[in-house]
Amino acid sequence: MRIIGGSVSVCIVLFFYCHTLAQELSTVVIPSEDELIEALRQGEISYYQFLILQEIAENGIDSTSQYLLDEVPNLAWFRPVDTSMLVPLEEDQRAGFASGGGENTSTVSAVLRHRQYQRLEEGEESWYRTSGDIRWGDRYRFNYRINRETNGAERLVGRTFQYRRKDGFIRQVDLGSFITRCGLGTAFGYRGKLMAFSREFDSESILFPDCGGYNGIRVEGAVGSYKYENLASIVRDSTHSLTSAAAMFRHSEGSWRPGVIVGLNRLKNRQTGESVSFSAVGLYNRYLYGAGHLDVELSRQSGNGSHALSGVIEGRHRFAGAEIRYAAWTYGDDAVALTTGSKAASLTVADTIETVDFTFSSRRRGQEGLLVKTVVELAHALKFENSLLYAEVDVRRRNRQYSSTLISRCSPRLQLELGYLGTWEKRTSSGSFGDRNRHRFRLQARFNSGLFSCRSYIGLDAENQQPNNVSLFTTVRYRFPGNGEIEAWSNLGEIDSNGVQYWYFFVRGKQQLMERLEGAVKLIHSYRRDSKDSHSATVSLELIAKL
């Protein structure tokens with residue numbers, strides 16, 4: 001994977017370590033990009049998940065992009081519907097990543113954000129995030145994001161002009177940066193960043209920004225009871241370019257909703273002029289029935305002398321007082337995941353297209369997997385949630401995970417949870433570890449009175465051939481009756497016989513400064529006993545203007 005720069009570059013160093021420790025099923029709630037970086041450093045998420053969660057944290061999600069939650073540990077995988085039996089972790093994740101500002105308006109409005117970071121230690125590194133979301137009535141929208149990293153790299157990371165209407169032959173047009181998924185994503189979906197980016201805010205950055213999705217035009221519309229989606233995109237860096245085009249046509253009414261997907265990817269080495277092309281044809285169907293739904297997609301990819309068949313099934317069924325959600329996937333040994341964004345576990349392998357000298361990471365080539373999740377209401381205020389994951393690339397690379405949580409609502413304000421997470425990993429390829437077994441136990445309490453909320457847990461982590469660790473976590477938030485709030489977060493992540501090995505803490509205050517202006521201050525402190533610079537402190541100042 002070819003990605004450069006800034007605070008993200010700090011994470012690249014950790015990629016080869018974290019991708020092997022990353023957990024598919026987790027008990028992590030991540031409120032912002034700052035905590036994403038910490039979760040990556042601690043091995044709670046993979047580098048691939050970090051990139052996608054960073055996209056969600058910055059842009060949020062709405063009803064058209066909920067599939068991005070497929071990458072959120074333990075919520076992921078299953079898009080919620082109105083009748084879903086959600087567990088507390090899912091509710092936290094949905095609330096944390098919900099997209100704001102999606103309401104229609106009849107006038108011009110804008111939300112402008114600027115967040116400035118400053119390290120409070122030797123070196124005094126600084127960086128920033130700035131974005132804008134401008135709307136004209138309920139049909140036109142323009143948004144942008146600009147980032148500057150600690151190494152001075154400053155670039156545009158996304159800009160989109162959007163047109164929307166509720167009816168008509170053309171119902172939505174996205175021009176610029178956009179994300180989408182055709183069907184279940186076995187041919188075209190959101191796979192995250194694939195190319196490098198310009199280190200300066202220049203014409204290259206404007207034409208080809210540092211986004212993980214597509215860059216071009218997308219048109220969506222309907223003809224009677226049939227819907228269509230067309231896209232054309234080009235992303236590139238100084239060495240390679242990827243040109244993509246796709247079309248999906250599907251039925252949108254009735255119990256059976258079939259569709260067909262066709263597309264083409266062309267990858268070119270800009271220095272040698274060599275190129276390869278991959279075409280894809282997919283068949284998709286959604287079956288809706290009274291107690292649930294079932295989605296099935298099969299696609300065939302051809303090109304560069306290889307052919308690969310991919311298949312994904314996912315669905316849910318509701319019983320009286322219970323719900324089961326399930327997914328299964330299989331990808332051919334020759335599958336080339338340039339634009340694939342469907343179900344897969346974090347068994348990342350290196351893939352190379354020698355014709356154009358392009359090396360990237362793939363989570364789908366040769367992978368097979370299964371995930372089953374159940375939620376059972378044992379009593380009026382007692383739920384039991386279980387998840388089981390199995391995935392493998394071959395006999396040498398395999399993941400098995402199981403999580404179980406008992407949830408008791410003691411009162412409308414207080415909730416207790418007792419949870420277990422077990423991970424059994426096998427990596428016997430060159431340079432990787434052998435079998436690894438990890439077990440996590442947590443006792444958690446949640447309290448919410450409206451203005452005041454608190455979440456705290458005590459946990460025990462055990463791993464084969466490693467000392468046991470105890471973790472203590474607490475987060476509290478108070479919303480002032482006026483327009484303001486204060487939040488504190490403390491994670492003593494590793495406590496063993498030698499004392500505290502890791503601690504991450506922040507306190508954030510937000511206040512209404514003027515009628516249309518909000519300000520926020522966040523102080524962050526992290527401690528790692530085995531690090532050369534064991535203590536790190538950062539302050540961020542944020543301004544939010546609602547015009």
# chains A, B, ... in the order shown; residues from 1 in each chain; ligands from 1
$ residues_around --residues "His307 of chain A" --least-positions-apart "4" --cutoff "12 Å" --atoms "only C-alpha atoms" --output "mmCIF file with N, CA, C and O atoms, in the first residue's frame"
data_model
loop_
_atom_site.group_PDB
_atom_site.id
_atom_site.type_symbol
_atom_site.label_atom_id
_atom_site.label_comp_id
_atom_site.auth_asym_id
_atom_site.auth_seq_id
_atom_site.Cartn_x
_atom_site.Cartn_y
_atom_site.Cartn_z
ATOM 1 N N PHE A 278 -8.983 -5.194 -15.716
ATOM 2 C CA PHE A 278 -9.773 -6.230 -15.076
ATOM 3 C C PHE A 278 -11.248 -5.871 -15.241
ATOM 4 O O PHE A 278 -11.667 -4.767 -14.866
ATOM 5 N N SER A 279 -12.013 -6.781 -15.801
ATOM 6 C CA SER A 279 -13.446 -6.571 -15.941
ATOM 7 C C SER A 279 -14.183 -7.419 -14.919
ATOM 8 O O SER A 279 -13.675 -8.441 -14.447
ATOM 9 N N ALA A 280 -15.403 -6.995 -14.569
ATOM 10 C CA ALA A 280 -16.184 -7.711 -13.567
ATOM 11 C C ALA A 280 -17.657 -7.689 -13.955
ATOM 12 O O ALA A 280 -18.169 -6.676 -14.440
ATOM 13 N N VAL A 281 -18.316 -8.804 -13.731
ATOM 14 C CA VAL A 281 -19.762 -8.924 -13.925
ATOM 15 C C VAL A 281 -20.330 -9.568 -12.669
ATOM 16 O O VAL A 281 -19.835 -10.614 -12.219
ATOM 17 N N SER A 299 -19.958 -12.584 -8.259
ATOM 18 C CA SER A 299 -19.311 -11.802 -9.309
ATOM 19 C C SER A 299 -18.124 -12.574 -9.861
ATOM 20 O O SER A 299 -17.482 -13.350 -9.153
ATOM 21 N N ARG A 300 -17.864 -12.326 -11.127
ATOM 22 C CA ARG A 300 -16.723 -12.961 -11.796
ATOM 23 C C ARG A 300 -15.816 -11.876 -12.342
ATOM 24 O O ARG A 300 -16.263 -10.962 -13.039
ATOM 25 N N GLN A 301 -14.547 -12.003 -12.003
ATOM 26 C CA GLN A 301 -13.540 -11.041 -12.458
ATOM 27 C C GLN A 301 -12.625 -11.722 -13.460
ATOM 28 O O GLN A 301 -12.239 -12.884 -13.280
ATOM 29 N N SER A 302 -12.273 -11.016 -14.517
ATOM 30 C CA SER A 302 -11.340 -11.555 -15.502
ATOM 31 C C SER A 302 -10.377 -10.454 -15.924
ATOM 32 O O SER A 302 -10.664 -9.268 -15.797
ATOM 33 N N GLY A 303 -9.231 -10.866 -16.435
ATOM 34 C CA GLY A 303 -8.222 -9.914 -16.867
ATOM 35 C C GLY A 303 -6.847 -10.289 -16.394
ATOM 36 O O GLY A 303 -6.686 -11.023 -15.404
ATOM 37 N N TYR A 331 -13.595 -15.828 -1.783
ATOM 38 C CA TYR A 331 -12.941 -15.106 -2.876
ATOM 39 C C TYR A 331 -11.912 -16.020 -3.532
ATOM 40 O O TYR A 331 -11.206 -16.766 -2.850
ATOM 41 N N GLY A 332 -11.831 -15.961 -4.850
ATOM 42 C CA GLY A 332 -10.912 -16.804 -5.587
ATOM 43 C C GLY A 332 -9.457 -16.480 -5.297
ATOM 44 O O GLY A 332 -9.111 -15.371 -4.880
ATOM 45 N N ASP A 333 -8.592 -17.449 -5.541
ATOM 46 C CA ASP A 333 -7.156 -17.258 -5.306
ATOM 47 C C ASP A 333 -6.557 -16.209 -6.234
ATOM 48 O O ASP A 333 -5.486 -15.668 -5.950
ATOM 49 N N ASP A 334 -7.234 -15.910 -7.360
ATOM 50 C CA ASP A 334 -6.739 -14.918 -8.306
ATOM 51 C C ASP A 334 -7.467 -13.578 -8.203
ATOM 52 O O ASP A 334 -7.272 -12.704 -9.050
ATOM 53 N N ALA A 335 -8.323 -13.412 -7.174
ATOM 54 C CA ALA A 335 -9.079 -12.165 -7.034
ATOM 55 C C ALA A 335 -8.133 -10.989 -6.810
ATOM 56 O O ALA A 335 -7.226 -11.047 -5.974
ATOM 57 N N VAL A 336 -8.329 -9.912 -7.576
ATOM 58 C CA VAL A 336 -7.521 -8.695 -7.456
ATOM 59 C C VAL A 336 -8.424 -7.603 -6.895
ATOM 60 O O VAL A 336 -9.307 -7.095 -7.582
ATOM 61 N N ARG A 365 -8.094 -11.801 -1.405
ATOM 62 C CA ARG A 365 -7.572 -12.843 -2.296
ATOM 63 C C ARG A 365 -7.461 -14.177 -1.565
ATOM 64 O O ARG A 365 -6.724 -14.323 -0.601
#
$ select_by_dssp --residues "segment 99-298 of chain A" --states "strand (DSSP E)" --output "MDAnalysis selection string"
chainID A and resid 108:119 126:136 140:148 154:164 170:178 214:223 226:236 240:251 256:269 275:289 292:298
$ closest_atom_pairs --of "segment 156-265 of chain A" --to "segment 33-55 of chain A" --cutoff "12 Å" --atoms "only C-alpha atoms" --output "Markdown table"
| residue | atom | partner | partner_atom | distance |
| --- | --- | --- | --- | --- |
| A:Val157 | CA | A:Glu55 | CA | 10.0 |
| A:Gly158 | CA | A:Glu55 | CA | 10.2 |
| A:Ser177 | CA | A:Glu55 | CA | 12.0 |
| A:Phe178 | CA | A:Glu55 | CA | 11.2 |
| A:Ile179 | CA | A:Glu55 | CA | 10.0 |
| A:Tyr190 | CA | A:Ile52 | CA | 8.5 |
| A:Arg191 | CA | A:Ile52 | CA | 8.1 |
| A:Gly192 | CA | A:Ile52 | CA | 6.0 |
| A:Lys193 | CA | A:Leu51 | CA | 7.2 |
| A:Leu194 | CA | A:Tyr48 | CA | 10.5 |
| A:Asp210 | CA | A:Glu55 | CA | 10.9 |
| A:Cys211 | CA | A:Glu55 | CA | 8.4 |
| A:Gly212 | CA | A:Ile52 | CA | 7.7 |
| A:Gly213 | CA | A:Glu55 | CA | 9.4 |
$ write_last_selection --atoms "N, CA, C and O atoms" --output "mmCIF file, in the first residue's frame"
data_model
loop_
_atom_site.group_PDB
_atom_site.id
_atom_site.type_symbol
_atom_site.label_atom_id
_atom_site.label_comp_id
_atom_site.auth_asym_id
_atom_site.auth_seq_id
_atom_site.Cartn_x
_atom_site.Cartn_y
_atom_site.Cartn_z
ATOM 1 N N VAL A 157 -7.926 16.562 0.982
ATOM 2 C CA VAL A 157 -8.240 15.151 1.168
ATOM 3 C C VAL A 157 -9.659 14.822 0.733
ATOM 4 O O VAL A 157 -10.108 13.687 0.888
ATOM 5 N N GLY A 158 -10.344 15.770 0.145
ATOM 6 C CA GLY A 158 -11.666 15.480 -0.375
ATOM 7 C C GLY A 158 -12.410 16.753 -0.727
ATOM 8 O O GLY A 158 -12.298 17.764 -0.031
ATOM 9 N N SER A 177 -14.942 13.825 -5.081
ATOM 10 C CA SER A 177 -14.653 12.664 -4.230
ATOM 11 C C SER A 177 -15.966 12.059 -3.755
ATOM 12 O O SER A 177 -16.848 12.774 -3.298
ATOM 13 N N PHE A 178 -16.085 10.740 -3.839
ATOM 14 C CA PHE A 178 -17.299 10.096 -3.353
ATOM 15 C C PHE A 178 -17.013 8.652 -2.974
ATOM 16 O O PHE A 178 -16.011 8.061 -3.393
ATOM 17 N N ILE A 179 -17.882 8.094 -2.153
ATOM 18 C CA ILE A 179 -17.809 6.693 -1.785
ATOM 19 C C ILE A 179 -19.129 6.045 -2.171
ATOM 20 O O ILE A 179 -20.179 6.684 -2.152
ATOM 21 N N TYR A 190 -16.102 0.260 -1.214
ATOM 22 C CA TYR A 190 -15.098 1.126 -0.599
ATOM 23 C C TYR A 190 -14.019 0.252 0.012
ATOM 24 O O TYR A 190 -14.247 -0.458 0.984
ATOM 25 N N ARG A 191 -12.816 0.293 -0.568
ATOM 26 C CA ARG A 191 -11.727 -0.537 -0.061
ATOM 27 C C ARG A 191 -10.668 0.266 0.683
ATOM 28 O O ARG A 191 -9.727 -0.278 1.251
ATOM 29 N N GLY A 192 -10.794 1.583 0.704
ATOM 30 C CA GLY A 192 -9.811 2.402 1.390
ATOM 31 C C GLY A 192 -8.720 2.890 0.451
ATOM 32 O O GLY A 192 -8.726 2.618 -0.748
ATOM 33 N N LYS A 193 -7.744 3.594 0.985
ATOM 34 C CA LYS A 193 -6.711 4.239 0.185
ATOM 35 C C LYS A 193 -5.818 3.212 -0.515
ATOM 36 O O LYS A 193 -5.403 2.229 0.074
ATOM 37 N N LEU A 194 -5.533 3.499 -1.767
ATOM 38 C CA LEU A 194 -4.724 2.610 -2.586
ATOM 39 C C LEU A 194 -3.480 3.302 -3.136
ATOM 40 O O LEU A 194 -2.471 2.666 -3.389
ATOM 41 N N ASP A 210 -6.350 13.181 -1.489
ATOM 42 C CA ASP A 210 -5.986 12.030 -0.675
ATOM 43 C C ASP A 210 -7.242 11.402 -0.071
ATOM 44 O O ASP A 210 -7.473 11.446 1.133
ATOM 45 N N CYS A 211 -8.076 10.816 -0.904
ATOM 46 C CA CYS A 211 -9.299 10.186 -0.412
ATOM 47 C C CYS A 211 -9.230 8.681 -0.654
ATOM 48 O O CYS A 211 -8.531 8.214 -1.555
ATOM 49 N N GLY A 212 -9.971 7.933 0.137
ATOM 50 C CA GLY A 212 -9.932 6.487 -0.003
ATOM 51 C C GLY A 212 -10.985 5.946 -0.936
ATOM 52 O O GLY A 212 -11.024 4.743 -1.198
ATOM 53 N N GLY A 213 -11.856 6.803 -1.453
ATOM 54 C CA GLY A 213 -12.925 6.346 -2.320
ATOM 55 C C GLY A 213 -12.620 6.578 -3.783
ATOM 56 O O GLY A 213 -11.502 6.391 -4.257
#
$ residues_around --residues "Gly519 of chain A" --least-positions-apart "2" --cutoff "9 Å" --atoms "only C-alpha atoms" --output "PyMOL selection string"
chain A and resi 509-513+517+521+541-545
$ write_last_selection --atoms "C-alpha atoms" --output "mmCIF file, in the first residue's frame"
data_model
loop_
_atom_site.group_PDB
_atom_site.id
_atom_site.type_symbol
_atom_site.label_atom_id
_atom_site.label_comp_id
_atom_site.auth_asym_id
_atom_site.auth_seq_id
_atom_site.Cartn_x
_atom_site.Cartn_y
_atom_site.Cartn_z
ATOM 1 C CA GLY A 509 -14.634 21.180 26.801
ATOM 2 C CA LYS A 510 -17.022 22.720 24.277
ATOM 3 C CA GLN A 511 -18.909 25.993 24.649
ATOM 4 C CA GLN A 512 -21.114 28.287 22.608
ATOM 5 C CA LEU A 513 -19.041 31.446 22.051
ATOM 6 C CA LEU A 517 -19.876 30.033 16.787
ATOM 7 C CA VAL A 521 -10.425 22.763 23.771
ATOM 8 C CA LEU A 541 -8.287 24.116 19.671
ATOM 9 C CA GLU A 542 -11.412 23.806 17.540
ATOM 10 C CA LEU A 543 -13.776 26.404 16.106
ATOM 11 C CA ILE A 544 -17.130 25.507 14.550
ATOM 12 C CA ALA A 545 -18.986 28.200 12.643
#
$ residues_around --residues "segment 373-389 of chain A" --least-positions-apart "3" --cutoff "6 Å" --atoms "only C-alpha atoms" --output "PDB file with N, CA, C and O atoms, in the first residue's frame"
ATOM      1  N   GLY A 321     -38.364 -12.374  20.472  1.00  0.00           N
ATOM      2  CA  GLY A 321     -37.396 -12.106  21.529  1.00  0.00           C
ATOM      3  C   GLY A 321     -35.971 -12.448  21.183  1.00  0.00           C
ATOM      4  O   GLY A 321     -35.118 -12.544  22.074  1.00  0.00           O
ATOM      5  N   ALA A 322     -35.665 -12.645  19.909  1.00  0.00           N
ATOM      6  CA  ALA A 322     -34.300 -12.988  19.513  1.00  0.00           C
ATOM      7  C   ALA A 322     -34.062 -12.573  18.068  1.00  0.00           C
ATOM      8  O   ALA A 322     -35.005 -12.344  17.304  1.00  0.00           O
ATOM      9  N   GLU A 323     -32.781 -12.475  17.710  1.00  0.00           N
ATOM     10  CA  GLU A 323     -32.405 -12.125  16.339  1.00  0.00           C
ATOM     11  C   GLU A 323     -31.096 -12.805  16.001  1.00  0.00           C
ATOM     12  O   GLU A 323     -30.180 -12.877  16.830  1.00  0.00           O
ATOM     13  N   ILE A 324     -30.976 -13.317  14.781  1.00  0.00           N
ATOM     14  CA  ILE A 324     -29.731 -13.884  14.298  1.00  0.00           C
ATOM     15  C   ILE A 324     -29.304 -13.122  13.058  1.00  0.00           C
ATOM     16  O   ILE A 324     -30.123 -12.800  12.194  1.00  0.00           O
ATOM     17  N   ARG A 325     -28.022 -12.790  12.978  1.00  0.00           N
ATOM     18  CA  ARG A 325     -27.444 -12.117  11.817  1.00  0.00           C
ATOM     19  C   ARG A 325     -26.280 -12.990  11.325  1.00  0.00           C
ATOM     20  O   ARG A 325     -25.522 -13.516  12.136  1.00  0.00           O
ATOM     21  N   LEU A 370     -16.827 -16.785   7.725  1.00  0.00           N
ATOM     22  CA  LEU A 370     -18.193 -16.904   8.211  1.00  0.00           C
ATOM     23  C   LEU A 370     -18.316 -16.097   9.493  1.00  0.00           C
ATOM     24  O   LEU A 370     -17.411 -16.101  10.334  1.00  0.00           O
ATOM     25  N   ARG A 400      -9.961 -17.226  14.330  1.00  0.00           N
ATOM     26  CA  ARG A 400     -11.188 -17.662  14.972  1.00  0.00           C
ATOM     27  C   ARG A 400     -11.428 -16.747  16.172  1.00  0.00           C
ATOM     28  O   ARG A 400     -10.513 -16.508  16.955  1.00  0.00           O
ATOM     29  N   GLN A 401     -12.651 -16.255  16.282  1.00  0.00           N
ATOM     30  CA  GLN A 401     -12.966 -15.354  17.380  1.00  0.00           C
ATOM     31  C   GLN A 401     -14.376 -15.618  17.891  1.00  0.00           C
ATOM     32  O   GLN A 401     -15.277 -15.972  17.115  1.00  0.00           O
ATOM     33  N   TYR A 402     -14.511 -15.421  19.191  1.00  0.00           N
ATOM     34  CA  TYR A 402     -15.816 -15.588  19.814  1.00  0.00           C
ATOM     35  C   TYR A 402     -15.976 -14.517  20.885  1.00  0.00           C
ATOM     36  O   TYR A 402     -15.062 -14.264  21.674  1.00  0.00           O
ATOM     37  N   SER A 403     -17.123 -13.862  20.887  1.00  0.00           N
ATOM     38  CA  SER A 403     -17.421 -12.882  21.928  1.00  0.00           C
ATOM     39  C   SER A 403     -18.801 -13.158  22.492  1.00  0.00           C
ATOM     40  O   SER A 403     -19.708 -13.622  21.784  1.00  0.00           O
ATOM     41  N   SER A 404     -18.955 -12.874  23.769  1.00  0.00           N
ATOM     42  CA  SER A 404     -20.221 -13.096  24.454  1.00  0.00           C
ATOM     43  C   SER A 404     -20.407 -12.001  25.495  1.00  0.00           C
ATOM     44  O   SER A 404     -19.474 -11.683  26.237  1.00  0.00           O
ATOM     45  N   THR A 405     -21.613 -11.428  25.544  1.00  0.00           N
ATOM     46  CA  THR A 405     -21.890 -10.338  26.476  1.00  0.00           C
ATOM     47  C   THR A 405     -23.279 -10.523  27.075  1.00  0.00           C
ATOM     48  O   THR A 405     -24.259 -10.728  26.356  1.00  0.00           O
ATOM     49  N   LEU A 406     -23.346 -10.430  28.402  1.00  0.00           N
ATOM     50  CA  LEU A 406     -24.612 -10.452  29.126  1.00  0.00           C
ATOM     51  C   LEU A 406     -24.916  -9.024  29.560  1.00  0.00           C
ATOM     52  O   LEU A 406     -24.098  -8.388  30.231  1.00  0.00           O
ATOM     53  N   ILE A 407     -26.079  -8.506  29.168  1.00  0.00           N
ATOM     54  CA  ILE A 407     -26.425  -7.104  29.361  1.00  0.00           C
ATOM     55  C   ILE A 407     -27.664  -7.009  30.243  1.00  0.00           C
ATOM     56  O   ILE A 407     -28.720  -7.557  29.898  1.00  0.00           O
ATOM     57  N   SER A 408     -27.537  -6.325  31.360  1.00  0.00           N
ATOM     58  CA  SER A 408     -28.645  -6.173  32.297  1.00  0.00           C
ATOM     59  C   SER A 408     -28.972  -4.695  32.467  1.00  0.00           C
ATOM     60  O   SER A 408     -28.099  -3.905  32.849  1.00  0.00           O
ATOM     61  N   ARG A 409     -30.215  -4.325  32.195  1.00  0.00           N
ATOM     62  CA  ARG A 409     -30.666  -2.951  32.427  1.00  0.00           C
ATOM     63  C   ARG A 409     -31.293  -2.892  33.813  1.00  0.00           C
ATOM     64  O   ARG A 409     -32.452  -3.275  34.012  1.00  0.00           O
TER      65      ARG A 409
END
$ residues_around --residues "Arg266 of chain A" --least-positions-apart "4" --cutoff "10 Å" --atoms "only C-alpha atoms" --output "PyMOL selection string"
chain A and resi 234+241-245+275-279+303+338
$ write_last_selection --atoms "all heavy atoms" --output "tab-separated table (two decimals), in the first residue's frame"
chain	number	residue	atom	x	y	z
A	234	ILE	N	-11.03	8.23	-11.60
A	234	ILE	CA	-9.59	8.07	-11.81
A	234	ILE	C	-8.86	8.58	-10.57
A	234	ILE	O	-9.10	9.69	-10.11
A	234	ILE	CB	-9.10	8.78	-13.08
A	234	ILE	CG1	-7.58	8.61	-13.23
A	234	ILE	CG2	-9.48	10.25	-13.09
A	234	ILE	CD1	-7.03	9.05	-14.57
A	241	SER	N	-1.78	4.98	-11.93
A	241	SER	CA	-3.12	5.53	-12.02
A	241	SER	C	-4.11	4.38	-12.15
A	241	SER	O	-3.82	3.35	-12.76
A	241	SER	CB	-3.26	6.47	-13.22
A	241	SER	OG	-3.11	5.77	-14.44
A	242	LEU	N	-5.29	4.55	-11.56
A	242	LEU	CA	-6.34	3.55	-11.63
A	242	LEU	C	-7.61	4.22	-12.17
A	242	LEU	O	-8.15	5.13	-11.56
A	242	LEU	CB	-6.62	2.96	-10.25
A	242	LEU	CG	-7.79	1.98	-10.16
A	242	LEU	CD1	-7.51	0.74	-11.00
A	242	LEU	CD2	-8.08	1.59	-8.70
A	243	THR	N	-8.06	3.76	-13.32
A	243	THR	CA	-9.28	4.26	-13.94
A	243	THR	C	-10.37	3.20	-13.78
A	243	THR	O	-10.15	2.03	-14.09
A	243	THR	CB	-9.05	4.55	-15.43
A	243	THR	OG1	-7.97	5.46	-15.58
A	243	THR	CG2	-10.30	5.13	-16.06
A	244	SER	N	-11.54	3.63	-13.28
A	244	SER	CA	-12.62	2.70	-13.00
A	244	SER	C	-13.92	3.21	-13.60
A	244	SER	O	-14.17	4.42	-13.65
A	244	SER	CB	-12.81	2.52	-11.48
A	244	SER	OG	-11.61	2.14	-10.85
A	245	ALA	N	-14.74	2.28	-14.04
A	245	ALA	CA	-16.08	2.60	-14.53
A	245	ALA	C	-17.00	1.45	-14.17
A	245	ALA	O	-16.61	0.28	-14.27
A	245	ALA	CB	-16.08	2.82	-16.04
A	275	SER	N	0.11	-1.28	-18.79
A	275	SER	CA	-1.19	-1.24	-18.12
A	275	SER	C	-1.82	-2.63	-18.13
A	275	SER	O	-1.49	-3.47	-18.97
A	275	SER	CB	-2.12	-0.24	-18.79
A	275	SER	OG	-2.43	-0.64	-20.11
A	276	VAL	N	-2.73	-2.86	-17.19
A	276	VAL	CA	-3.51	-4.09	-17.13
A	276	VAL	C	-4.96	-3.70	-16.88
A	276	VAL	O	-5.25	-2.66	-16.28
A	276	VAL	CB	-3.02	-5.03	-16.01
A	276	VAL	CG1	-1.64	-5.58	-16.32
A	276	VAL	CG2	-3.04	-4.33	-14.67
A	277	SER	N	-5.88	-4.55	-17.35
A	277	SER	CA	-7.31	-4.27	-17.19
A	277	SER	C	-8.00	-5.47	-16.57
A	277	SER	O	-7.64	-6.62	-16.84
A	277	SER	CB	-7.96	-3.94	-18.54
A	277	SER	OG	-7.42	-2.76	-19.09
A	278	PHE	N	-8.98	-5.19	-15.72
A	278	PHE	CA	-9.77	-6.23	-15.08
A	278	PHE	C	-11.25	-5.87	-15.24
A	278	PHE	O	-11.67	-4.77	-14.87
A	278	PHE	CB	-9.44	-6.34	-13.58
A	278	PHE	CG	-8.01	-6.68	-13.29
A	278	PHE	CD1	-7.07	-5.67	-13.10
A	278	PHE	CD2	-7.60	-7.99	-13.21
A	278	PHE	CE1	-5.75	-5.97	-12.83
A	278	PHE	CE2	-6.28	-8.31	-12.93
A	278	PHE	CZ	-5.35	-7.29	-12.75
A	279	SER	N	-12.01	-6.78	-15.80
A	279	SER	CA	-13.45	-6.57	-15.94
A	279	SER	C	-14.18	-7.42	-14.92
A	279	SER	O	-13.67	-8.44	-14.45
A	279	SER	CB	-13.91	-6.94	-17.35
A	279	SER	OG	-13.65	-8.31	-17.62
A	303	GLY	N	-9.23	-10.87	-16.44
A	303	GLY	CA	-8.22	-9.91	-16.87
A	303	GLY	C	-6.85	-10.29	-16.39
A	303	GLY	O	-6.69	-11.02	-15.40
A	338	LEU	N	-8.85	-4.36	-6.25
A	338	LEU	CA	-8.53	-2.94	-6.46
A	338	LEU	C	-9.68	-2.03	-6.02
A	338	LEU	O	-9.45	-0.94	-5.52
A	338	LEU	CB	-8.20	-2.70	-7.93
A	338	LEU	CG	-6.93	-3.36	-8.45
A	338	LEU	CD1	-6.80	-3.15	-9.95
A	338	LEU	CD2	-5.70	-2.83	-7.72
$ closest_residue --among "A:Thr423, A:Thr340, A:Thr359, A:Ser238" --to "Phe197 of chain A" --atoms "only C-alpha atoms"
A:Ser238
$ closest_residue --among "A:Asn265, A:Trp136, A:Val500, A:Glu392" --to "Asp530 of chain A" --atoms "only C-alpha atoms"
A:Val500
$ residues_around --residues "Gln465 of chain A" --least-positions-apart "5" --cutoff "12 Å" --atoms "only C-alpha atoms" --output "NGL selection string"
:A and (434-438)
$ residues_around --residues "segment 472-475 of chain A" --least-positions-apart "2" --cutoff "6 Å" --atoms "only C-alpha atoms" --output "PyMOL selection string"
chain A and resi 454-458+488-492
$ write_last_selection --atoms "N, CA and C atoms" --output "mmCIF file, in the first residue's frame"
data_model
loop_
_atom_site.group_PDB
_atom_site.id
_atom_site.type_symbol
_atom_site.label_atom_id
_atom_site.label_comp_id
_atom_site.auth_asym_id
_atom_site.auth_seq_id
_atom_site.Cartn_x
_atom_site.Cartn_y
_atom_site.Cartn_z
ATOM 1 N N CYS A 454 -21.909 8.367 32.050
ATOM 2 C CA CYS A 454 -20.634 7.778 32.471
ATOM 3 C C CYS A 454 -20.580 6.342 31.992
ATOM 4 N N ARG A 455 -19.398 5.918 31.575
ATOM 5 C CA ARG A 455 -19.160 4.530 31.206
ATOM 6 C C ARG A 455 -17.822 4.106 31.776
ATOM 7 N N SER A 456 -17.776 2.957 32.448
ATOM 8 C CA SER A 456 -16.539 2.514 33.086
ATOM 9 C C SER A 456 -16.473 0.995 33.077
ATOM 10 N N TYR A 457 -15.250 0.468 32.932
ATOM 11 C CA TYR A 457 -15.097 -0.984 33.018
ATOM 12 C C TYR A 457 -13.761 -1.349 33.645
ATOM 13 N N ILE A 458 -13.708 -2.560 34.151
ATOM 14 C CA ILE A 458 -12.467 -3.186 34.585
ATOM 15 C C ILE A 458 -12.299 -4.444 33.759
ATOM 16 N N ALA A 488 -14.394 13.806 29.831
ATOM 17 C CA ALA A 488 -13.099 13.282 30.261
ATOM 18 C C ALA A 488 -13.025 11.805 29.927
ATOM 19 N N TRP A 489 -11.838 11.353 29.538
ATOM 20 C CA TRP A 489 -11.618 9.973 29.073
ATOM 21 C C TRP A 489 -10.304 9.489 29.661
ATOM 22 N N SER A 490 -10.320 8.367 30.362
ATOM 23 C CA SER A 490 -9.106 7.803 30.956
ATOM 24 C C SER A 490 -9.052 6.316 30.674
ATOM 25 N N ASN A 491 -7.954 5.871 30.067
ATOM 26 C CA ASN A 491 -7.781 4.461 29.734
ATOM 27 C C ASN A 491 -6.430 3.982 30.250
ATOM 28 N N LEU A 492 -6.461 3.298 31.398
ATOM 29 C CA LEU A 492 -5.278 2.623 31.911
ATOM 30 C C LEU A 492 -5.256 1.247 31.255
#
